[in-house]
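Structure file data38.csv (CSV, C-alpha atoms) follows.
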```csv
chain,number,residue,atom,x,y,z
A,1,MET,CA,-36.6,-148.1,82.4
A,2,GLN,CA,-39.0,-146.7,79.8
A,3,GLN,CA,-37.3,-145.4,76.8
A,4,ILE,CA,-38.5,-142.1,75.2
A,5,PRO,CA,-40.1,-143.2,71.9
A,6,GLU,CA,-38.9,-142.4,68.5
A,7,LEU,CA,-40.7,-139.6,66.6
A,8,PRO,CA,-43.5,-141.0,64.5
A,9,ASP,CA,-43.2,-140.7,60.7
A,10,VAL,CA,-45.9,-138.0,60.4
A,11,GLU,CA,-45.8,-134.3,59.4
A,12,MET,CA,-46.4,-132.7,62.8
A,13,GLU,CA,-44.6,-129.5,61.8
A,14,ASP,CA,-46.8,-128.9,58.8
A,15,PHE,CA,-49.9,-129.3,60.9
A,16,TYR,CA,-48.8,-127.0,63.7
A,17,GLN,CA,-47.8,-124.4,61.2
A,18,SER,CA,-51.3,-124.5,59.7
A,19,ILE,CA,-53.0,-123.8,63.0
A,20,ASN,CA,-51.0,-120.7,63.8
A,21,GLY,CA,-53.3,-118.6,61.6
A,22,GLY,CA,-55.5,-117.7,64.6
A,23,GLU,CA,-52.8,-115.4,66.0
A,24,LYS,CA,-52.5,-113.6,62.7
A,25,LEU,CA,-56.2,-112.9,62.5
A,26,PHE,CA,-56.3,-111.3,66.0
A,27,LEU,CA,-53.1,-109.3,65.1
A,28,LEU,CA,-54.6,-108.0,61.9
A,29,LYS,CA,-58.0,-107.1,63.5
A,30,ALA,CA,-56.2,-105.1,66.3
A,31,ALA,CA,-54.1,-103.4,63.7
A,32,LEU,CA,-57.1,-102.4,61.7
A,33,ASP,CA,-59.0,-101.2,64.8
A,34,HIS,CA,-56.1,-99.0,65.8
A,35,GLU,CA,-55.4,-97.7,62.2
A,36,VAL,CA,-51.8,-99.0,62.3
A,37,PHE,CA,-51.5,-99.2,58.5
A,38,GLU,CA,-52.6,-95.7,58.0
A,39,PHE,CA,-49.9,-94.6,60.4
A,40,CYS,CA,-47.2,-96.8,58.9
A,41,ASP,CA,-47.9,-95.8,55.3
A,42,LYS,CA,-44.6,-93.9,55.9
A,43,PRO,CA,-41.8,-95.2,58.1
A,44,ALA,CA,-42.5,-94.7,61.8
A,45,THR,CA,-41.4,-96.1,65.2
A,46,ALA,CA,-43.6,-98.0,67.6
A,47,GLU,CA,-42.8,-95.3,70.2
A,48,GLU,CA,-44.2,-92.6,67.8
A,49,PHE,CA,-47.4,-94.6,67.3
A,50,SER,CA,-47.8,-95.2,71.1
A,51,SER,CA,-47.4,-91.5,71.9
A,52,THR,CA,-50.0,-90.4,69.3
A,53,HIS,CA,-52.5,-93.2,69.8
A,54,GLY,CA,-52.2,-93.6,73.6
A,55,THR,CA,-51.2,-97.3,73.6
A,56,HIS,CA,-49.0,-99.1,76.0
A,57,THR,CA,-45.4,-98.4,75.0
A,58,GLY,CA,-43.9,-101.8,75.7
A,59,LEU,CA,-46.7,-103.8,74.3
A,60,THR,CA,-46.9,-101.6,71.2
A,61,GLU,CA,-43.2,-102.4,70.3
A,62,LYS,CA,-43.9,-106.2,70.6
A,63,PHE,CA,-47.2,-105.8,68.7
A,64,PHE,CA,-45.3,-104.1,65.8
A,65,ASN,CA,-42.7,-106.8,65.9
A,66,ALA,CA,-45.4,-109.4,65.6
A,67,LEU,CA,-46.9,-107.6,62.7
A,68,ALA,CA,-43.5,-107.6,61.0
A,69,ALA,CA,-43.1,-111.3,61.8
A,70,SER,CA,-46.5,-111.9,60.1
A,71,GLY,CA,-45.3,-110.0,57.0
A,72,LEU,CA,-47.7,-107.1,57.4
A,73,LEU,CA,-45.0,-104.5,58.4
A,74,ILE,CA,-41.4,-104.3,57.3
A,75,LYS,CA,-39.0,-103.4,60.0
A,76,THR,CA,-35.8,-101.4,59.3
A,77,ASP,CA,-33.6,-100.7,62.3
A,78,SER,CA,-36.2,-99.2,64.7
A,79,THR,CA,-38.8,-98.1,62.1
A,80,PHE,CA,-41.8,-99.9,60.7
A,81,GLN,CA,-43.5,-99.5,57.3
A,82,ASN,CA,-46.4,-101.2,55.6
A,83,SER,CA,-45.6,-104.3,53.4
A,84,PRO,CA,-47.0,-104.1,49.9
A,85,LEU,CA,-49.9,-106.4,51.0
A,86,ALA,CA,-50.8,-104.2,53.9
A,87,SER,CA,-50.6,-101.0,51.8
A,88,ALA,CA,-52.9,-102.5,49.1
A,89,CYS,CA,-55.5,-104.3,51.3
A,90,PHE,CA,-55.6,-102.8,54.8
A,91,ILE,CA,-55.9,-99.0,54.4
A,92,GLU,CA,-59.6,-98.0,54.4
A,93,GLY,CA,-60.7,-96.3,51.2
A,94,LYS,CA,-58.4,-98.2,48.9
A,95,PRO,CA,-60.1,-100.3,46.2
A,96,PHE,CA,-58.8,-103.6,47.6
A,97,TYR,CA,-59.5,-102.9,51.3
A,98,GLN,CA,-60.3,-106.0,53.2
A,99,GLY,CA,-61.2,-104.7,56.7
A,100,ASN,CA,-64.9,-105.5,56.7
A,101,LEU,CA,-64.1,-109.1,55.5
A,102,ILE,CA,-61.6,-109.5,58.3
A,103,GLY,CA,-64.1,-108.4,60.8
A,104,LEU,CA,-66.7,-110.8,59.5
A,105,MET,CA,-64.2,-113.7,59.6
A,106,LEU,CA,-63.4,-112.9,63.2
A,107,LYS,CA,-67.1,-112.7,64.1
A,108,THR,CA,-67.9,-116.1,62.6
A,109,ARG,CA,-65.0,-117.7,64.5
A,110,MET,CA,-66.1,-116.2,67.8
A,111,GLU,CA,-69.8,-116.8,67.3
A,112,ARG,CA,-69.8,-120.1,65.5
A,113,TRP,CA,-66.5,-122.0,65.6
A,114,ALA,CA,-66.0,-121.3,69.3
A,115,ASN,CA,-69.3,-123.1,69.9
A,116,LEU,CA,-68.6,-126.1,67.8
A,117,GLY,CA,-68.3,-128.5,70.8
A,118,ARG,CA,-71.6,-127.3,72.2
A,119,CYS,CA,-73.3,-127.6,68.8
A,120,LEU,CA,-72.2,-131.2,68.5
A,121,LYS,CA,-74.1,-132.0,71.7
A,122,GLU,CA,-77.1,-129.6,71.4
A,123,GLY,CA,-77.4,-129.1,67.7
A,124,PRO,CA,-77.1,-125.9,65.6
A,125,LEU,CA,-77.2,-122.5,67.4
A,126,GLN,CA,-80.6,-120.7,67.4
A,127,PRO,CA,-80.3,-117.4,65.6
A,128,LYS,CA,-80.7,-114.2,67.5
A,129,ASN,CA,-81.2,-112.0,64.4
A,130,ASP,CA,-83.4,-112.2,61.3
A,131,ARG,CA,-82.1,-112.0,57.8
A,132,ARG,CA,-82.5,-108.2,57.8
A,133,GLN,CA,-79.9,-107.9,60.5
A,134,VAL,CA,-77.6,-110.6,59.1
A,135,PHE,CA,-77.5,-109.3,55.5
A,136,ASP,CA,-76.8,-105.7,56.4
A,137,ALA,CA,-74.6,-103.1,54.8
A,138,ARG,CA,-71.5,-104.2,56.7
A,139,PHE,CA,-72.0,-107.8,55.5
A,140,THR,CA,-72.5,-106.6,51.9
A,141,ARG,CA,-69.3,-104.6,52.1
A,142,ALA,CA,-67.4,-107.7,53.4
A,143,MET,CA,-68.7,-109.8,50.5
A,144,ALA,CA,-67.6,-107.1,48.1
A,145,GLU,CA,-64.1,-107.1,49.6
A,146,GLY,CA,-64.1,-110.9,49.3
A,147,ALA,CA,-64.9,-110.7,45.6
A,148,MET,CA,-62.0,-108.3,45.1
A,149,ARG,CA,-59.6,-111.0,46.2
A,150,GLY,CA,-59.5,-112.3,42.7
A,151,GLY,CA,-62.8,-114.2,42.3
A,152,LEU,CA,-64.5,-111.2,40.6
A,153,HIS,CA,-61.7,-110.9,38.0
A,154,ARG,CA,-61.5,-114.6,37.2
A,155,THR,CA,-65.2,-114.8,36.9
A,156,VAL,CA,-65.5,-111.8,34.6
A,157,SER,CA,-62.7,-113.1,32.4
A,158,THR,CA,-64.4,-116.5,32.1
A,159,VAL,CA,-67.9,-115.2,31.5
A,160,THR,CA,-67.0,-112.5,29.0
A,161,ALA,CA,-65.2,-115.1,26.9
A,162,LEU,CA,-68.4,-117.0,26.3
A,163,PRO,CA,-69.6,-116.5,22.7
A,164,GLU,CA,-73.1,-115.5,23.8
A,165,PHE,CA,-71.9,-112.8,26.2
A,166,GLN,CA,-71.2,-110.0,23.8
A,167,THR,CA,-74.6,-110.3,22.1
A,168,ALA,CA,-76.5,-110.4,25.5
A,169,LYS,CA,-78.8,-107.5,26.1
A,170,LYS,CA,-80.1,-108.1,29.7
A,171,LEU,CA,-78.5,-109.8,32.7
A,172,VAL,CA,-80.0,-110.4,36.1
A,173,ASP,CA,-77.7,-111.0,39.1
A,174,ILE,CA,-79.9,-112.8,41.7
A,175,GLY,CA,-78.8,-112.4,45.2
A,176,GLY,CA,-76.2,-110.0,43.7
A,177,GLY,CA,-75.5,-108.1,46.9
A,178,HIS,CA,-72.8,-105.4,46.3
A,179,GLY,CA,-73.4,-105.6,42.5
A,180,LEU,CA,-69.7,-105.7,41.5
A,181,TYR,CA,-70.3,-108.6,39.1
A,182,ALA,CA,-73.2,-106.9,37.4
A,183,ILE,CA,-71.2,-103.7,37.2
A,184,ALA,CA,-68.2,-105.5,35.7
A,185,PHE,CA,-70.3,-107.3,33.2
A,186,ALA,CA,-72.0,-104.1,32.0
A,187,GLN,CA,-68.5,-102.5,31.7
A,188,ALA,CA,-67.4,-105.4,29.5
A,189,ASN,CA,-70.5,-105.3,27.2
A,190,PRO,CA,-71.6,-101.7,26.4
A,191,ALA,CA,-75.0,-103.0,25.1
A,192,LEU,CA,-75.8,-104.9,28.3
A,193,GLU,CA,-78.4,-103.8,30.9
A,194,SER,CA,-77.6,-105.4,34.3
A,195,VAL,CA,-80.1,-105.8,37.2
A,196,VAL,CA,-79.1,-106.7,40.7
A,197,PHE,CA,-82.0,-108.5,42.4
A,198,ASP,CA,-81.6,-108.7,46.2
A,199,LEU,CA,-83.3,-108.0,49.5
A,200,PRO,CA,-84.5,-104.4,50.3
A,201,GLN,CA,-81.9,-103.8,53.0
A,202,VAL,CA,-79.1,-105.1,50.7
A,203,VAL,CA,-79.9,-103.0,47.6
A,204,GLU,CA,-79.3,-99.8,49.6
A,205,ALA,CA,-75.7,-100.7,49.8
A,206,THR,CA,-75.8,-102.0,46.1
A,207,ASN,CA,-76.8,-98.5,45.0
A,208,ASP,CA,-73.7,-97.1,46.7
A,209,TYR,CA,-71.4,-99.3,44.6
A,210,ILE,CA,-73.3,-98.5,41.4
A,211,GLN,CA,-72.9,-94.8,42.0
A,212,SER,CA,-69.3,-95.1,43.0
A,213,TYR,CA,-68.5,-96.8,39.6
A,214,GLU,CA,-70.8,-94.3,37.8
A,215,MET,CA,-72.9,-97.0,36.2
A,216,GLN,CA,-76.4,-95.7,37.1
A,217,ASP,CA,-77.3,-95.6,33.4
A,218,ARG,CA,-76.9,-99.3,32.8
A,219,VAL,CA,-77.0,-101.1,36.2
A,220,ARG,CA,-80.1,-101.1,38.4
A,221,ALA,CA,-80.7,-102.5,41.9
A,222,VAL,CA,-84.2,-104.0,42.3
A,223,ALA,CA,-85.5,-105.1,45.7
A,224,GLY,CA,-86.9,-108.6,46.0
A,225,ASP,CA,-86.3,-112.1,47.4
A,226,TYR,CA,-85.2,-114.4,44.5
A,227,THR,CA,-86.5,-117.4,46.4
A,228,ALA,CA,-90.0,-116.0,46.3
A,229,ASP,CA,-90.3,-113.0,43.9
A,230,SER,CA,-90.2,-112.6,40.2
A,231,TRP,CA,-87.5,-110.5,38.4
A,232,GLY,CA,-89.4,-110.6,35.1
A,233,GLN,CA,-88.9,-112.3,31.7
A,234,GLY,CA,-86.8,-111.7,28.6
A,235,VAL,CA,-83.5,-112.2,30.2
A,236,ASP,CA,-80.4,-113.4,28.3
A,237,ILE,CA,-78.2,-114.2,31.4
A,238,VAL,CA,-79.2,-115.1,34.9
A,239,PHE,CA,-76.1,-115.0,37.2
A,240,ALA,CA,-75.8,-116.3,40.7
A,241,SER,CA,-72.7,-116.1,42.9
A,242,ASP,CA,-72.3,-117.9,46.2
A,243,CYS,CA,-76.0,-117.6,47.1
A,244,MET,CA,-77.5,-121.0,46.2
A,245,TYR,CA,-76.1,-123.2,49.0
A,246,ARG,CA,-79.5,-124.7,49.7
A,247,PRO,CA,-81.1,-128.1,49.7
A,248,ARG,CA,-82.3,-129.4,46.3
A,249,ALA,CA,-85.9,-129.3,47.3
A,250,VAL,CA,-85.5,-125.5,47.8
A,251,LEU,CA,-83.6,-125.0,44.6
A,252,GLU,CA,-85.8,-126.8,42.2
A,253,PRO,CA,-88.6,-124.2,42.0
A,254,ILE,CA,-85.9,-121.4,41.8
A,255,LEU,CA,-84.2,-123.1,38.9
A,256,SER,CA,-87.5,-123.5,37.2
A,257,LYS,CA,-88.1,-119.8,37.6
A,258,ILE,CA,-84.7,-119.0,36.3
A,259,LYS,CA,-85.2,-121.2,33.2
A,260,ASP,CA,-88.6,-119.6,32.5
A,261,SER,CA,-87.2,-116.1,32.7
A,262,LEU,CA,-84.5,-116.8,30.1
A,263,ASN,CA,-84.9,-116.2,26.4
A,264,PRO,CA,-84.4,-119.2,24.2
A,265,GLY,CA,-80.6,-119.9,24.1
A,266,GLY,CA,-80.2,-117.9,27.3
A,267,MET,CA,-77.7,-118.9,30.0
A,268,PHE,CA,-77.8,-119.5,33.8
A,269,ILE,CA,-74.3,-118.9,35.1
A,270,SER,CA,-73.5,-119.9,38.6
A,271,LYS,CA,-70.3,-119.4,40.6
A,272,HIS,CA,-70.1,-121.4,43.8
A,273,TRP,CA,-67.6,-123.2,46.1
A,274,MET,CA,-67.7,-127.0,45.4
A,275,MET,CA,-66.5,-130.2,47.0
A,276,ASP,CA,-65.1,-133.5,45.7
A,277,ASP,CA,-67.2,-136.6,45.8
A,278,GLN,CA,-65.9,-137.7,49.2
A,279,ARG,CA,-66.9,-134.2,50.6
A,280,THR,CA,-63.4,-133.9,52.2
A,281,SER,CA,-61.7,-131.5,49.8
A,282,PRO,CA,-60.8,-128.8,49.2
A,283,ASP,CA,-60.5,-128.1,52.9
A,284,THR,CA,-61.7,-124.4,52.6
A,285,THR,CA,-65.1,-125.6,51.3
A,286,VAL,CA,-65.4,-128.4,53.8
A,287,TYR,CA,-64.8,-126.0,56.7
A,288,PHE,CA,-67.3,-123.6,55.2
A,289,ASP,CA,-69.9,-126.4,54.9
A,290,LEU,CA,-69.6,-127.1,58.6
A,291,MET,CA,-69.5,-123.4,59.6
A,292,VAL,CA,-72.8,-122.4,57.8
A,293,SER,CA,-74.5,-125.5,59.3
A,294,LEU,CA,-73.7,-124.4,62.9
A,295,MET,CA,-76.5,-121.7,62.7
A,296,GLY,CA,-80.0,-123.0,62.9
A,297,ASN,CA,-81.5,-120.4,60.5
A,298,PHE,CA,-79.7,-121.8,57.5
A,299,SER,CA,-80.3,-125.3,56.2
A,300,GLY,CA,-77.2,-125.0,54.0
A,301,HIS,CA,-76.0,-127.6,51.5
A,302,ILE,CA,-72.7,-127.4,49.7
A,303,TYR,CA,-72.7,-129.4,46.5
A,304,THR,CA,-70.1,-131.6,44.8
A,305,ASN,CA,-69.3,-130.9,41.2
A,306,ALA,CA,-71.2,-134.0,40.2
A,307,GLU,CA,-74.2,-133.1,42.3
A,308,TRP,CA,-74.5,-129.6,40.9
A,309,ARG,CA,-74.1,-130.7,37.4
A,310,GLN,CA,-76.9,-133.3,37.9
A,311,VAL,CA,-79.1,-130.6,39.5
A,312,LEU,CA,-78.7,-128.3,36.5
A,313,ASP,CA,-79.1,-131.2,34.1
A,314,SER,CA,-82.4,-132.2,35.8
A,315,ALA,CA,-83.6,-128.6,35.5
A,316,GLY,CA,-83.3,-128.9,31.7
A,317,PHE,CA,-80.0,-127.1,31.1
A,318,THR,CA,-77.1,-128.2,29.0
A,319,VAL,CA,-74.1,-127.8,31.2
A,320,GLU,CA,-70.4,-127.0,31.0
A,321,SER,CA,-68.1,-126.1,33.8
A,322,VAL,CA,-64.9,-124.0,34.3
A,323,ASP,CA,-62.6,-124.3,37.4
A,324,ILE,CA,-61.5,-120.8,38.6
A,325,SER,CA,-60.3,-121.9,42.0
A,326,SER,CA,-57.6,-120.4,44.2
A,327,PRO,CA,-56.6,-121.9,47.5
A,328,SER,CA,-58.8,-119.5,49.5
A,329,LYS,CA,-61.6,-119.3,47.0
A,330,PRO,CA,-62.3,-122.8,45.5
A,331,SER,CA,-64.9,-121.7,43.0
A,332,MET,CA,-66.4,-123.5,40.0
A,333,ILE,CA,-68.4,-121.7,37.3
A,334,PHE,CA,-71.2,-123.7,35.7
A,335,VAL,CA,-72.9,-122.5,32.5
A,336,GLY,CA,-76.3,-123.9,32.0
A,337,ARG,CA,-77.8,-123.1,28.6
A,338,LYS,CA,-81.5,-123.1,27.8
A,339,LYS,CA,-82.2,-124.9,24.6
A,340,ALA,CA,-82.9,-122.5,21.7
```

Spell out the structure here as structure tokens.
Amino acid sequence: MQQIPELPDVEMEDFYQSINGGEKLFLLKAALDHEVFEFCDKPATAEEFSSTHGTHTGLTEKFFNALAASGLLIKTDSTFQNSPLASACFIEGKPFYQGNLIGLMLKTRMERWANLGRCLKEGPLQPKNDRRQVFDARFTRAMAEGAMRGGLHRTVSTVTALPEFQTAKKLVDIGGGHGLYAIAFAQANPALESVVFDLPQVVEATNDYIQSYEMQDRVRAVAGDYTADSWGQGVDIVFASDCMYRPRAVLEPILSKIKDSLNPGGMFISKHWMMDDQRTSPDTTVYFDLMVSLMGNFSGHIYTNAEWRQVLDSAGFTVESVDISSPSKPSMIFVGRKKA
């Protein structure tokens, strides 16, 4: 007789809890698509939702129960109402809305992660779209929503505390996308002119954000490719956020251009996800490194702290770093100063 083996001394429960997130992503996307959180801003029953939205009555009740189990709705007797998280982040039009980001996360899982096994055999996927279609207005809005998860606020707090910041007159945010960083920096320093330098199809969306924050007088969006085009000279701060995940050979001429554009004593400030020396932690960055490499139109490289410090040092900057990480946004800020 073969005895049933003893349980191994491993944390199986922790691992299986960690992979249950897929269900929550599909739940959330369906709720966003059907405007559940707008409906449940006040207490309502699943039956009321079903009758007004034309959904299947039995499934809707189970769907709402699942949203309550995930912490997005709060159930009291037979009624459901938004949790504080859902009310803050999942009603379109609110400042911390995350719907476009959730859509992008689901898209990358369907288009990239679902093809991981195939890519291991055949290599990276061949892109169907060019950069003009990838970096569109919807992508820009998703990146803006990602910044509003706390990374923007931690970055602004760190940068504005630098002694040179309050005397700076001109800042250029290369690859600045939505422009929220440039806007926030200009709001923190009334004498600062901020320029967002990004691709032509991106700056159309940038201008929307500039206008919504009524910062047209001190924040400008300028069309250009920072890898190839010039943004001018006489800059006090060049800022780059999550856009320089490129091989060193590609970055070296860009860093040289950044340094040349800076005034003596100027700063290049970069905010990017980093990895440890073993390239196995934090897990969020390691997964991101693999994900971006699954598409053949992007020869991405995620740097370790030591690698990025060495890259900036080799470019002639004196370097200091600040850890502003959260579990979902493992970012490091590096400040590279040009010698006065």

Exercise: stretch 272-274 of chain A partners within 8 Å, all atoms listed in the file, chain neighbours under 5 positions left out, as a list in words: Ser241, Asp242, Cys243, Met244, Thr285, Ile302, Tyr303, Thr304, Asn305, Lys329, Pro330, Ser331, Met332 and Ile333 of chain A

Please return, as a PyMOL selection string, all polymer residues that have at least one atom within 10 Å of the point (-85.6, -118.1, 35.8); use all atoms listed in the file and the file's own coordinate frame. chain A and resi 172+174+226+230-235+237-238+253-263+267-268

For stretch 68-84 of chain A: contacts at 12 Å, all atoms listed in the file, fewer than 3 positions along chain excluded, given as a PyMOL selection string: chain A and resi 20-29+31-32+35-49+60-65+87-91

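Coordinates place atom CA of A:Gln278 at a distance of 23.1 Å from atom CA of A:Pro124.
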
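Candidate residues A:Tyr245, A:Leu104, A:Tyr181, A:Gly266 were compared for distance to A:Gly150, and the nearest is A:Tyr181, using all atoms listed in the file.
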
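Proximity to A:Gln211 was assessed for A:Ile183, A:Leu67, A:Leu171, A:Cys119 counting all atoms listed in the file; the smallest distance is recorded for A:Ile183.
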
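Considering the residues A:Ala249, A:Gly151, A:Ala182, A:Gly99 and counting only C-alpha atoms, A:Ala30 has its shortest atom-to-atom contact with A:Gly99.
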
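Across A:Asp14, A:Glu320, A:Asp229, A:Asp236, the tightest approach to A:Ser194 is made by A:Asp236 when counting only C-alpha atoms.
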
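If all atoms listed in the file are the atoms counted, then among A:Gly265, A:Pro200, A:Gly296, A:Pro282 the closest residue to A:Ala137 is A:Pro200.
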
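The spacing separating atom CA of A:His301 from atom CA of A:Val250 amounts to 10.4 Å.
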
Choose the residue, out of A:Arg118, A:Lys170, A:His56, A:Arg149, that has the smallest atom-to-atom separation from A:Leu101; count all atoms listed in the file. A:Arg149

Within 10 Å of A:Thr108, counting only C-alpha atoms, which residues qualify if same-chain residues fewer than 6 places away don't, as a VMD selection string? chain A and resid 114 291 to 292

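Here atom CA of A:Gln216 stands at a distance of 26.1 Å from atom CA of A:Ala228.
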
Would you kindly place N, CA and C atoms on stretch 231-244 of chain A and return the model as a PDB file, keeping the file's coordinate frame?
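Printed below is out-v6.pdb as written:
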```pdb
ATOM      1  N   TRP A 231     -88.336-111.616  38.943  1.00  0.00           N
ATOM      2  CA  TRP A 231     -87.500-110.500  38.400  1.00  0.00           C
ATOM      3  C   TRP A 231     -87.843-110.264  36.939  1.00  0.00           C
ATOM      4  N   GLY A 232     -88.900-110.910  36.429  1.00  0.00           N
ATOM      5  CA  GLY A 232     -89.400-110.600  35.100  1.00  0.00           C
ATOM      6  C   GLY A 232     -88.887-111.660  34.063  1.00  0.00           C
ATOM      7  N   GLN A 233     -89.210-111.398  32.788  1.00  0.00           N
ATOM      8  CA  GLN A 233     -88.900-112.300  31.700  1.00  0.00           C
ATOM      9  C   GLN A 233     -87.954-111.606  30.700  1.00  0.00           C
ATOM     10  N   GLY A 234     -87.649-112.304  29.619  1.00  0.00           N
ATOM     11  CA  GLY A 234     -86.800-111.700  28.600  1.00  0.00           C
ATOM     12  C   GLY A 234     -85.392-111.493  28.940  1.00  0.00           C
ATOM     13  N   VAL A 235     -84.841-112.394  29.751  1.00  0.00           N
ATOM     14  CA  VAL A 235     -83.500-112.200  30.200  1.00  0.00           C
ATOM     15  C   VAL A 235     -82.532-113.118  29.407  1.00  0.00           C
ATOM     16  N   ASP A 236     -81.370-112.594  29.075  1.00  0.00           N
ATOM     17  CA  ASP A 236     -80.400-113.400  28.300  1.00  0.00           C
ATOM     18  C   ASP A 236     -79.443-114.154  29.251  1.00  0.00           C
ATOM     19  N   ILE A 237     -79.115-113.569  30.402  1.00  0.00           N
ATOM     20  CA  ILE A 237     -78.200-114.200  31.400  1.00  0.00           C
ATOM     21  C   ILE A 237     -78.766-114.027  32.767  1.00  0.00           C
ATOM     22  N   VAL A 238     -78.944-115.123  33.488  1.00  0.00           N
ATOM     23  CA  VAL A 238     -79.200-115.100  34.900  1.00  0.00           C
ATOM     24  C   VAL A 238     -77.867-115.503  35.592  1.00  0.00           C
ATOM     25  N   PHE A 239     -77.355-114.680  36.491  1.00  0.00           N
ATOM     26  CA  PHE A 239     -76.100-115.000  37.200  1.00  0.00           C
ATOM     27  C   PHE A 239     -76.341-115.110  38.653  1.00  0.00           C
ATOM     28  N   ALA A 240     -75.662-116.064  39.277  1.00  0.00           N
ATOM     29  CA  ALA A 240     -75.800-116.300  40.700  1.00  0.00           C
ATOM     30  C   ALA A 240     -74.395-116.600  41.276  1.00  0.00           C
ATOM     31  N   SER A 241     -73.973-115.879  42.305  1.00  0.00           N
ATOM     32  CA  SER A 241     -72.700-116.100  42.900  1.00  0.00           C
ATOM     33  C   SER A 241     -72.788-116.366  44.394  1.00  0.00           C
ATOM     34  N   ASP A 242     -72.395-117.555  44.815  1.00  0.00           N
ATOM     35  CA  ASP A 242     -72.300-117.900  46.200  1.00  0.00           C
ATOM     36  C   ASP A 242     -73.547-117.636  47.034  1.00  0.00           C
ATOM     37  N   CYS A 243     -74.709-117.886  46.421  1.00  0.00           N
ATOM     38  CA  CYS A 243     -76.000-117.600  47.100  1.00  0.00           C
ATOM     39  C   CYS A 243     -76.922-118.840  47.077  1.00  0.00           C
ATOM     40  N   MET A 244     -76.525-119.922  46.420  1.00  0.00           N
ATOM     41  CA  MET A 244     -77.500-121.000  46.200  1.00  0.00           C
ATOM     42  C   MET A 244     -77.032-122.288  46.971  1.00  0.00           C
TER      43      MET A 244
END
```
